[in-house]
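Since the structure comes first, as structure tokens, the remarks are kept for the end.
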Amino acid sequence: MEAEKKYITSEELRKHSTPGDLWISIQGKVYDVTDWAKRHPGGDVPLRTLAGQDVTDAFLAYHPGSAWQHLEALYTGYRVRDFVPSEVSKDYRRLHAEFARLGLFEKKGHVAVCALASIAAMLSLCVYGVVACEGAAIHFVCAVLLGLLWIQGAYVGHDSGHYQVMTTTGFNRLAQLLAGNCLTGISIAWWKWTHNAHHLACNSLDHDPDLQHIPVFAVSTRFFNSLTSIFYGRELKFDFLARLLVSYQHWTFYPVMCLGRINLFIQTFLLLFSKRKIPDRALNIMGILVFWTWYPLLVSCLPTWSERAMFVVTSLSVTAIQHIQFCLNHFSANVYVGPPNGDDWFEKQTKGTIDISCPSWMDWFHGGLQFQLEHHLFPRLPRCQLRGISPLARDLCKKHNLPYRSLSFWGANVSTIRTLRTAALQARDLSNPVPKNLVWEAVNTHG
């Protein structure tokens, strides 16, 4: 005889939203993920962010079908009596199910193979040019190649972090470490920590770390009130230094992007050598040591210090193209304060993203992230499928009167600079004094 079903209300579910008492619901069934949060492959941040509410849409977006088997052990025996999914959620789930039926999540094409082959070719040419050739012009071209292969390596690391690009899980983890830690010097552990939070709370000023760049940038005047970062667990103080830098952010944006890679190196070291629990810390540190062995050795092969300086600055500056694109996808989109709600997850993704329109032959250059909304709605979908499903995502947004913004690369730059300039001009208003603060805030984003 089937056991009698037990019910709780959405209000009762919301009470279970503290680190020591984490409940969520998926398709109406309530799960206790308090202990599971410590072992969750995606970290505890996503579970803490969406605790106490229905997370069906987010669960579908980020998990393969095999994840369902882990839920039964976490089931509390309760169901949510009064939760009814919105019409847009129903349509989103139907579209997700259709993609699964068509096998789109498994049809990865040859993107990873082509990307890895191009990386190997560029790395070989770069090393050969530095070691075997003379002339500053050739070494400059080698630096550009190195910057481009770093960009492509980051795309491979990004893809392998969202879905399995290799034949086995073990090879996929190896691809993450090689493409991320060993090749680019940026820890895959740092990327997972921040990127999962970004996807869950897209463009939340206090939950999304990808918008928290005080004192250098502020995309919204709400940062002027010294918001508290829930992700970093500290106050983002808008002090004299922040006001000064933000006041000219529309001028400093591109120069800062040229040096943005240095900040990522710093963030990697801050995380890996912090007291925070890091999965595979030793492997991540070993991968970083590989990078900081081969890259300085390569630079040391150049004949003069002036060429070495040129090589480092050029290789780092080329990656600014990628850093700029990340900003274009979000800086001028809608923002909000507070955690996302499970029942408006789809809406938050549409309002917080901007696509970059480009011809199909430029897809390799953007790494699939030009379809930013499609990627946020279906993060496990291989990038080679994003262009094909783009019209379906556009139609779904149109049906529910939600924004679908697609700008040219130039138009997205103009929109981003306009957003930064608007905030900069308001930051110059000296009638609103701010307290003094330490310059350390410029680099210490971990608290």
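The way I read the labels, and the way they are meant: chains A, B, ... in the order of the structure tokens, residue 1 as the first residue of every chain, and ligand 1 as the first ligand shown, with later ones counted on from there.
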Would you write out, as a tab-separated table, a table of all residues in region 181-205 of chain A that have an atom no more than 12 Å from an atom of region 293-309 of chain A, listing for each the closest atom pair and the distance in Å to one decimal, considering only C-alpha atoms and ordering rows by chain and rising residue number?
```
residue	atom	partner	partner_atom	distance
A:Asn181	CA	A:Thr293	CA	11.8
A:Cys182	CA	A:Trp294	CA	8.9
A:Leu183	CA	A:Tyr295	CA	8.9
A:Thr184	CA	A:Tyr295	CA	9.4
A:Gly185	CA	A:Tyr295	CA	9.2
```
Pick out the residues sitting within 10 Å of Trp410 (chain A), and hand them over as a VMD selection string; count only C-alpha atoms, and ignore anything fewer than 5 positions along from it in its own chain. chain A and resid 328 356 to 357 415 to 416
If you count only C-alpha atoms, which residues fall within 12 Å of Leu148 (chain A), apart from same-chain ones fewer than 3 positions away, as an NGL selection string? :A and (115 or 118-123 or 126 or 141-145 or 151-155 or 183-184 or 314-322 or 364-367)
Just C-alpha atoms for this one: save the residues we selected as a short mmCIF file (atom, residue, chain, number, x, y, z; two decimals), in the first residue's frame.
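As written to disk, selection03.cif reads:
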```cif
data_model
loop_
_atom_site.label_atom_id
_atom_site.label_comp_id
_atom_site.auth_asym_id
_atom_site.auth_seq_id
_atom_site.Cartn_x
_atom_site.Cartn_y
_atom_site.Cartn_z
CA ALA A 115 40.12 23.76 -30.27
CA SER A 118 44.52 24.87 -32.77
CA ILE A 119 45.98 25.40 -29.29
CA ALA A 120 48.71 22.83 -29.94
CA ALA A 121 49.50 24.45 -33.30
CA MET A 122 49.68 27.98 -31.87
CA LEU A 123 51.79 26.82 -28.91
CA CYS A 126 54.99 30.34 -30.47
CA VAL A 141 53.65 37.77 -33.45
CA CYS A 142 54.50 34.92 -31.07
CA ALA A 143 53.16 36.95 -28.15
CA VAL A 144 49.91 37.53 -30.04
CA LEU A 145 49.66 33.79 -30.74
CA ILE A 151 41.74 32.64 -25.01
CA GLN A 152 41.00 29.33 -26.74
CA GLY A 153 42.31 27.42 -23.72
CA ALA A 154 39.92 29.33 -21.48
CA TYR A 155 37.02 28.36 -23.76
CA LEU A 183 48.06 26.41 -19.94
CA THR A 184 46.55 29.71 -18.74
CA THR A 314 51.46 41.87 -25.54
CA SER A 315 50.44 38.34 -24.56
CA LEU A 316 48.49 39.63 -21.57
CA SER A 317 46.89 42.47 -23.55
CA VAL A 318 45.59 40.16 -26.28
CA THR A 319 43.50 38.32 -23.68
CA ALA A 320 41.71 41.62 -23.06
CA ILE A 321 39.50 40.65 -26.01
CA GLN A 322 38.05 37.83 -23.93
CA TRP A 364 35.36 30.05 -32.80
CA PHE A 365 36.49 33.55 -31.85
CA HIS A 366 33.72 34.05 -29.28
CA GLY A 367 33.81 30.48 -27.98
#
```
Which residue of A:Ala424, A:Leu396, A:Ala282, A:Ile262 approaches Leu177 (chain A) most closely, using only C-alpha atoms: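 Ranking A:Ala424, A:Leu396, A:Ala282, A:Ile262 by distance to Leu177 (chain A), first place goes to A:Ala282.
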Students should find that CA of Arg261 (chain A) and CA of Ser187 (chain A) are spaced 12.2 Å
* Excluding same-chain residues fewer than 6 positions from Ala242 (chain A), what lies within 7 Å of it counting only C-alpha atoms, as a list in words? ->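 Once the nearby chain positions are removed, what remains is Ile214, Pro215 and Val216 of chain A.
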Lys108 (chain A) surroundings by only C-alpha atoms, 10 Å radius, close-in-sequence under 2 positions cut, as a ChimeraX atom specification = /A:103-106,110-112,163-166,381-385
Next, dump the selected residues to file, keeping only N, CA, C and O atoms, as a PDB file, in the first residue's frame.
```pdb
ATOM      1  N   GLY A 103      18.627  14.495 -28.114  1.00  0.00           N
ATOM      2  CA  GLY A 103      20.020  14.151 -27.838  1.00  0.00           C
ATOM      3  C   GLY A 103      20.991  15.289 -28.034  1.00  0.00           C
ATOM      4  O   GLY A 103      22.201  15.056 -28.218  1.00  0.00           O
ATOM      5  N   LEU A 104      20.508  16.536 -27.977  1.00  0.00           N
ATOM      6  CA  LEU A 104      21.386  17.685 -28.223  1.00  0.00           C
ATOM      7  C   LEU A 104      22.469  17.837 -27.167  1.00  0.00           C
ATOM      8  O   LEU A 104      23.558  18.345 -27.453  1.00  0.00           O
ATOM      9  N   PHE A 105      22.184  17.420 -25.928  1.00  0.00           N
ATOM     10  CA  PHE A 105      23.173  17.567 -24.855  1.00  0.00           C
ATOM     11  C   PHE A 105      24.356  16.615 -25.051  1.00  0.00           C
ATOM     12  O   PHE A 105      25.418  16.815 -24.461  1.00  0.00           O
ATOM     13  N   GLU A 106      24.170  15.576 -25.855  1.00  0.00           N
ATOM     14  CA  GLU A 106      25.237  14.607 -26.101  1.00  0.00           C
ATOM     15  C   GLU A 106      25.933  14.838 -27.438  1.00  0.00           C
ATOM     16  O   GLU A 106      27.007  14.274 -27.688  1.00  0.00           O
ATOM     17  N   HIS A 110      32.838  18.307 -33.033  1.00  0.00           N
ATOM     18  CA  HIS A 110      34.295  18.175 -32.954  1.00  0.00           C
ATOM     19  C   HIS A 110      34.937  19.453 -32.414  1.00  0.00           C
ATOM     20  O   HIS A 110      36.106  19.730 -32.693  1.00  0.00           O
ATOM     21  N   VAL A 111      34.172  20.213 -31.645  1.00  0.00           N
ATOM     22  CA  VAL A 111      34.656  21.507 -31.159  1.00  0.00           C
ATOM     23  C   VAL A 111      35.894  21.347 -30.294  1.00  0.00           C
ATOM     24  O   VAL A 111      36.899  22.041 -30.476  1.00  0.00           O
ATOM     25  N   ALA A 112      35.846  20.426 -29.323  1.00  0.00           N
ATOM     26  CA  ALA A 112      36.970  20.255 -28.404  1.00  0.00           C
ATOM     27  C   ALA A 112      38.229  19.818 -29.146  1.00  0.00           C
ATOM     28  O   ALA A 112      39.327  20.334 -28.894  1.00  0.00           O
ATOM     29  N   TYR A 163      30.126  20.770 -19.085  1.00  0.00           N
ATOM     30  CA  TYR A 163      29.692  19.459 -19.544  1.00  0.00           C
ATOM     31  C   TYR A 163      30.937  18.671 -19.950  1.00  0.00           C
ATOM     32  O   TYR A 163      32.042  19.222 -20.068  1.00  0.00           O
ATOM     33  N   GLN A 164      30.763  17.393 -20.153  1.00  0.00           N
ATOM     34  CA  GLN A 164      31.885  16.512 -20.451  1.00  0.00           C
ATOM     35  C   GLN A 164      32.266  16.605 -21.916  1.00  0.00           C
ATOM     36  O   GLN A 164      31.548  16.137 -22.799  1.00  0.00           O
ATOM     37  N   VAL A 165      33.427  17.205 -22.190  1.00  0.00           N
ATOM     38  CA  VAL A 165      33.875  17.363 -23.574  1.00  0.00           C
ATOM     39  C   VAL A 165      34.735  16.189 -24.020  1.00  0.00           C
ATOM     40  O   VAL A 165      34.966  16.004 -25.219  1.00  0.00           O
ATOM     41  N   MET A 166      35.237  15.398 -23.066  1.00  0.00           N
ATOM     42  CA  MET A 166      36.068  14.244 -23.388  1.00  0.00           C
ATOM     43  C   MET A 166      35.263  12.949 -23.247  1.00  0.00           C
ATOM     44  O   MET A 166      34.100  12.968 -22.843  1.00  0.00           O
ATOM     45  N   LEU A 381      24.477  22.576 -22.706  1.00  0.00           N
ATOM     46  CA  LEU A 381      24.347  22.377 -24.144  1.00  0.00           C
ATOM     47  C   LEU A 381      25.683  22.709 -24.815  1.00  0.00           C
ATOM     48  O   LEU A 381      26.227  23.797 -24.618  1.00  0.00           O
ATOM     49  N   PRO A 382      26.254  21.779 -25.595  1.00  0.00           N
ATOM     50  CA  PRO A 382      27.521  22.060 -26.284  1.00  0.00           C
ATOM     51  C   PRO A 382      27.414  23.317 -27.127  1.00  0.00           C
ATOM     52  O   PRO A 382      26.376  23.616 -27.710  1.00  0.00           O
ATOM     53  N   ARG A 383      28.513  24.038 -27.197  1.00  0.00           N
ATOM     54  CA  ARG A 383      28.471  25.341 -27.884  1.00  0.00           C
ATOM     55  C   ARG A 383      28.102  25.223 -29.359  1.00  0.00           C
ATOM     56  O   ARG A 383      27.565  26.160 -29.950  1.00  0.00           O
ATOM     57  N   CYS A 384      28.385  24.055 -29.975  1.00  0.00           N
ATOM     58  CA  CYS A 384      28.044  23.890 -31.385  1.00  0.00           C
ATOM     59  C   CYS A 384      26.540  23.817 -31.616  1.00  0.00           C
ATOM     60  O   CYS A 384      26.080  23.911 -32.761  1.00  0.00           O
ATOM     61  N   GLN A 385      25.751  23.689 -30.534  1.00  0.00           N
ATOM     62  CA  GLN A 385      24.288  23.623 -30.657  1.00  0.00           C
ATOM     63  C   GLN A 385      23.617  24.972 -30.398  1.00  0.00           C
ATOM     64  O   GLN A 385      22.426  25.127 -30.681  1.00  0.00           O
TER      65      GLN A 385
END
```
The distance between CA of Trp23 (chain A) and CA of Ala51 (chain A) is 5.8 Å
Would you kindly return, as a ChimeraX atom specification, each protein, DNA or RNA residue with an atom no farther than 12 Å from any atom of Ile278 (chain A), considering only C-alpha atoms and excluding same-chain residues fewer than 2 positions away? /A:38-39,41-44,187-193,268,270-276,280-285
Store the residues of this selection in a file with C-alpha atoms, as a compact mmCIF listing (two decimals), in the first residue's frame.
```txt
# COMPACT_ATOMS: atom_id res chain seq x y z
CA LYS A 38 29.47 19.76 1.70
CA ARG A 39 29.91 17.12 -1.02
CA PRO A 41 30.29 18.79 -6.96
CA GLY A 42 29.20 22.33 -7.76
CA GLY A 43 30.05 23.56 -4.27
CA ASP A 44 27.75 24.75 -1.50
CA SER A 187 42.76 27.68 -11.47
CA ILE A 188 39.75 25.64 -12.55
CA ALA A 189 38.83 25.52 -8.85
CA TRP A 190 38.61 29.33 -8.75
CA TRP A 191 36.60 29.33 -11.97
CA LYS A 192 34.07 26.78 -10.66
CA TRP A 193 33.70 28.64 -7.36
CA THR A 268 43.91 32.09 -8.16
CA LEU A 270 44.39 33.97 -2.99
CA LEU A 271 41.92 31.10 -3.27
CA LEU A 272 44.33 28.18 -3.49
CA PHE A 273 46.32 29.35 -0.47
CA SER A 274 43.30 30.38 1.60
CA LYS A 275 41.68 28.42 4.41
CA ARG A 276 38.62 27.76 2.27
CA ASP A 280 41.62 18.90 -5.53
CA ARG A 281 43.71 21.69 -4.01
CA ALA A 282 46.99 19.81 -4.54
CA LEU A 283 46.26 19.11 -8.22
CA ASN A 284 45.28 22.73 -8.77
CA ILE A 285 48.49 23.98 -7.17
```
- request: Find the residue from A:Lys5, A:Lys398, A:His250, A:His376 that sits nearest to Ala61 (chain A); use only C-alpha atoms when measuring.
  value: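 Comparing A:Lys5, A:Lys398, A:His250, A:His376 against Ala61 (chain A), the winner is A:His376.
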- Task: Please report, as a PyMOL selection string, each residue of region 214-272 of chain A to which DSSP assigns strand (DSSP E) when run on this structure's backbone.
- Result: chain A and resi 228-229+234-235
Contacts of His63 (chain A) at 12 Å (only C-alpha atoms; same-chain gap of 4+ positions) as a short mmCIF file (atom, residue, chain, number, x, y, z; two decimals) with N, CA and C atoms, in the first residue's frame:
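Writing the result to selection.cif gives the following:
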```
data_model
loop_
_atom_site.label_atom_id
_atom_site.label_comp_id
_atom_site.auth_asym_id
_atom_site.auth_seq_id
_atom_site.Cartn_x
_atom_site.Cartn_y
_atom_site.Cartn_z
N HIS A 40 28.61 18.44 -2.55
CA HIS A 40 28.04 18.81 -3.85
C HIS A 40 29.15 19.17 -4.84
N PRO A 41 29.23 18.50 -5.99
CA PRO A 41 30.29 18.79 -6.96
C PRO A 41 30.36 20.25 -7.39
N GLY A 42 29.22 20.92 -7.39
CA GLY A 42 29.20 22.33 -7.76
C GLY A 42 29.46 23.28 -6.61
N VAL A 55 13.63 24.66 -6.93
CA VAL A 55 14.80 24.90 -7.77
C VAL A 55 14.76 24.04 -9.04
N THR A 56 13.56 23.66 -9.46
CA THR A 56 13.43 22.73 -10.58
C THR A 56 14.13 23.23 -11.84
N ASP A 57 13.90 24.48 -12.21
CA ASP A 57 14.49 25.00 -13.44
C ASP A 57 16.01 24.99 -13.37
N ALA A 58 16.56 25.45 -12.26
CA ALA A 58 18.01 25.49 -12.11
C ALA A 58 18.59 24.07 -12.09
N PHE A 59 17.89 23.14 -11.43
CA PHE A 59 18.36 21.76 -11.38
C PHE A 59 18.42 21.16 -12.78
N ALA A 67 21.99 12.71 -12.47
CA ALA A 67 21.94 13.34 -11.15
C ALA A 67 20.66 12.98 -10.39
N TRP A 68 19.63 12.59 -11.12
CA TRP A 68 18.37 12.29 -10.46
C TRP A 68 18.50 11.13 -9.47
N GLN A 69 19.40 10.21 -9.73
CA GLN A 69 19.53 9.04 -8.87
C GLN A 69 20.03 9.40 -7.47
N HIS A 70 20.65 10.56 -7.31
CA HIS A 70 21.15 10.98 -6.01
C HIS A 70 20.06 11.60 -5.13
N LEU A 71 18.93 11.95 -5.73
CA LEU A 71 17.91 12.68 -5.00
C LEU A 71 17.14 11.82 -3.99
N HIS A 96 13.43 22.11 -22.66
CA HIS A 96 14.57 21.34 -22.16
C HIS A 96 14.35 19.85 -22.43
N ALA A 100 16.56 17.24 -24.77
CA ALA A 100 17.06 15.97 -24.26
C ALA A 100 16.60 14.82 -25.16
N PHE A 105 22.18 17.42 -25.93
CA PHE A 105 23.17 17.57 -24.85
C PHE A 105 24.36 16.62 -25.05
N HIS A 162 31.36 22.90 -17.75
CA HIS A 162 29.90 22.83 -17.83
C HIS A 162 29.39 21.45 -18.25
N TYR A 163 30.13 20.77 -19.09
CA TYR A 163 29.69 19.46 -19.54
C TYR A 163 30.94 18.67 -19.95
N GLN A 164 30.76 17.39 -20.15
CA GLN A 164 31.89 16.51 -20.45
C GLN A 164 32.27 16.60 -21.92
N PHE A 378 20.71 27.05 -21.02
CA PHE A 378 21.08 25.64 -21.23
C PHE A 378 22.59 25.49 -21.13
N PRO A 379 23.15 25.67 -19.92
CA PRO A 379 24.61 25.68 -19.77
C PRO A 379 25.29 24.36 -20.12
N ARG A 380 24.53 23.25 -20.13
CA ARG A 380 25.12 21.96 -20.47
C ARG A 380 25.05 21.68 -21.98
N LEU A 381 24.48 22.58 -22.71
CA LEU A 381 24.35 22.38 -24.14
C LEU A 381 25.68 22.71 -24.81
#
```
*Could you please determine the separation between CA of Asp344 (chain A) and CA of Ser17 (chain A) in Å, to one decimal place?*
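Answer for the CA of Asp344 (chain A) to CA of Ser17 (chain A) separation: 17.8 Å.
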For the structure I just gave you, how does DSSP split region 18-135 of chain A - specifically, which residues are alpha helix (DSSP H)? Reply as a short mmCIF file (atom, residue, chain, number, x, y, z; two decimals) with N, CA and C atoms, in the first residue's frame.
```
data_model
loop_
_atom_site.label_atom_id
_atom_site.label_comp_id
_atom_site.auth_asym_id
_atom_site.auth_seq_id
_atom_site.Cartn_x
_atom_site.Cartn_y
_atom_site.Cartn_z
N VAL A 45 27.75 26.94 -2.61
CA VAL A 45 27.19 28.26 -2.90
C VAL A 45 25.84 28.17 -3.63
N PRO A 46 25.70 27.35 -4.68
CA PRO A 46 24.39 27.27 -5.36
C PRO A 46 23.27 26.82 -4.44
N LEU A 47 23.54 25.86 -3.56
CA LEU A 47 22.50 25.35 -2.66
C LEU A 47 22.13 26.39 -1.61
N ARG A 48 23.12 27.11 -1.10
CA ARG A 48 22.81 28.15 -0.12
C ARG A 48 22.07 29.31 -0.76
N THR A 49 22.38 29.59 -2.02
CA THR A 49 21.74 30.70 -2.73
C THR A 49 20.26 30.44 -2.96
N THR A 56 13.56 23.66 -9.46
CA THR A 56 13.43 22.73 -10.58
C THR A 56 14.13 23.23 -11.84
N ASP A 57 13.90 24.48 -12.21
CA ASP A 57 14.49 25.00 -13.44
C ASP A 57 16.01 24.99 -13.37
N ALA A 58 16.56 25.45 -12.26
CA ALA A 58 18.01 25.49 -12.11
C ALA A 58 18.59 24.07 -12.09
N PHE A 59 17.89 23.14 -11.43
CA PHE A 59 18.36 21.76 -11.38
C PHE A 59 18.42 21.16 -12.78
N LEU A 60 17.39 21.38 -13.56
CA LEU A 60 17.38 20.87 -14.93
C LEU A 60 18.50 21.47 -15.76
N ALA A 61 18.75 22.75 -15.55
CA ALA A 61 19.74 23.45 -16.36
C ALA A 61 21.16 22.94 -16.11
N TYR A 62 21.49 22.65 -14.87
CA TYR A 62 22.88 22.38 -14.52
C TYR A 62 23.23 20.92 -14.31
N GLU A 87 4.00 29.91 -16.11
CA GLU A 87 3.84 29.48 -17.49
C GLU A 87 5.17 29.46 -18.24
N VAL A 88 6.04 30.42 -17.94
CA VAL A 88 7.33 30.44 -18.62
C VAL A 88 8.18 29.26 -18.17
N SER A 89 8.06 28.87 -16.89
CA SER A 89 8.80 27.70 -16.41
C SER A 89 8.30 26.43 -17.09
N LYS A 90 7.00 26.33 -17.25
CA LYS A 90 6.44 25.16 -17.93
C LYS A 90 6.98 25.06 -19.36
N ASP A 91 7.01 26.20 -20.06
CA ASP A 91 7.51 26.19 -21.44
C ASP A 91 9.01 25.88 -21.47
N TYR A 92 9.75 26.43 -20.51
CA TYR A 92 11.19 26.16 -20.45
C TYR A 92 11.44 24.67 -20.24
N ARG A 93 10.69 24.04 -19.34
CA ARG A 93 10.89 22.62 -19.06
C ARG A 93 10.52 21.76 -20.27
N ARG A 94 9.49 22.18 -20.98
CA ARG A 94 9.13 21.43 -22.20
C ARG A 94 10.23 21.54 -23.25
N LEU A 95 10.81 22.74 -23.37
CA LEU A 95 11.88 22.93 -24.35
C LEU A 95 13.12 22.12 -23.95
N HIS A 96 13.43 22.11 -22.66
CA HIS A 96 14.57 21.34 -22.16
C HIS A 96 14.35 19.85 -22.43
N ALA A 97 13.15 19.37 -22.17
CA ALA A 97 12.84 17.96 -22.41
C ALA A 97 12.96 17.61 -23.90
N GLU A 98 12.56 18.53 -24.77
CA GLU A 98 12.66 18.30 -26.21
C GLU A 98 14.12 18.21 -26.65
N PHE A 99 14.96 19.09 -26.10
CA PHE A 99 16.39 19.04 -26.43
C PHE A 99 16.99 17.71 -25.96
N ALA A 100 16.56 17.24 -24.77
CA ALA A 100 17.06 15.97 -24.26
C ALA A 100 16.60 14.82 -25.16
N ARG A 101 15.35 14.89 -25.61
CA ARG A 101 14.82 13.83 -26.48
C ARG A 101 15.59 13.76 -27.79
N VAL A 111 34.17 20.21 -31.64
CA VAL A 111 34.66 21.51 -31.16
C VAL A 111 35.89 21.35 -30.29
N ALA A 112 35.85 20.43 -29.32
CA ALA A 112 36.97 20.25 -28.40
C ALA A 112 38.23 19.82 -29.15
N VAL A 113 38.08 18.88 -30.08
CA VAL A 113 39.23 18.38 -30.85
C VAL A 113 39.85 19.51 -31.68
N CYS A 114 39.00 20.28 -32.34
CA CYS A 114 39.49 21.39 -33.16
C CYS A 114 40.16 22.46 -32.31
N ALA A 115 39.56 22.75 -31.15
CA ALA A 115 40.12 23.76 -30.27
C ALA A 115 41.48 23.32 -29.73
N LEU A 116 41.57 22.06 -29.29
CA LEU A 116 42.83 21.56 -28.76
C LEU A 116 43.90 21.50 -29.85
N ALA A 117 43.49 21.14 -31.08
CA ALA A 117 44.44 21.11 -32.19
C ALA A 117 44.97 22.50 -32.50
N SER A 118 44.08 23.49 -32.49
CA SER A 118 44.52 24.87 -32.77
C SER A 118 45.42 25.39 -31.66
N ILE A 119 45.13 24.99 -30.41
CA ILE A 119 45.98 25.40 -29.29
C ILE A 119 47.37 24.80 -29.43
N ALA A 120 47.42 23.51 -29.76
CA ALA A 120 48.71 22.83 -29.94
C ALA A 120 49.51 23.48 -31.07
N ALA A 121 48.81 23.83 -32.16
CA ALA A 121 49.50 24.45 -33.30
C ALA A 121 50.05 25.82 -32.92
N MET A 122 49.23 26.64 -32.25
CA MET A 122 49.68 27.98 -31.87
C MET A 122 50.81 27.91 -30.85
N LEU A 123 50.73 26.96 -29.91
CA LEU A 123 51.79 26.82 -28.91
C LEU A 123 53.10 26.39 -29.58
N SER A 124 53.01 25.48 -30.53
CA SER A 124 54.22 25.03 -31.24
C SER A 124 54.86 26.17 -32.02
N LEU A 125 54.03 26.94 -32.73
CA LEU A 125 54.55 28.08 -33.48
C LEU A 125 55.16 29.13 -32.57
N CYS A 126 54.50 29.34 -31.43
CA CYS A 126 54.99 30.34 -30.47
C CYS A 126 56.36 29.93 -29.91
N VAL A 127 56.46 28.70 -29.47
CA VAL A 127 57.73 28.22 -28.91
C VAL A 127 58.83 28.24 -29.97
N TYR A 128 58.50 27.77 -31.17
CA TYR A 128 59.49 27.78 -32.25
C TYR A 128 59.95 29.19 -32.58
N GLY A 129 59.00 30.11 -32.66
CA GLY A 129 59.35 31.49 -32.99
C GLY A 129 60.24 32.14 -31.95
N VAL A 130 59.99 31.85 -30.68
CA VAL A 130 60.77 32.45 -29.60
C VAL A 130 62.16 31.83 -29.52
N VAL A 131 62.23 30.50 -29.64
CA VAL A 131 63.49 29.78 -29.44
C VAL A 131 64.38 29.79 -30.68
N ALA A 132 63.78 29.64 -31.86
CA ALA A 132 64.59 29.41 -33.06
C ALA A 132 64.69 30.62 -33.99
#
```
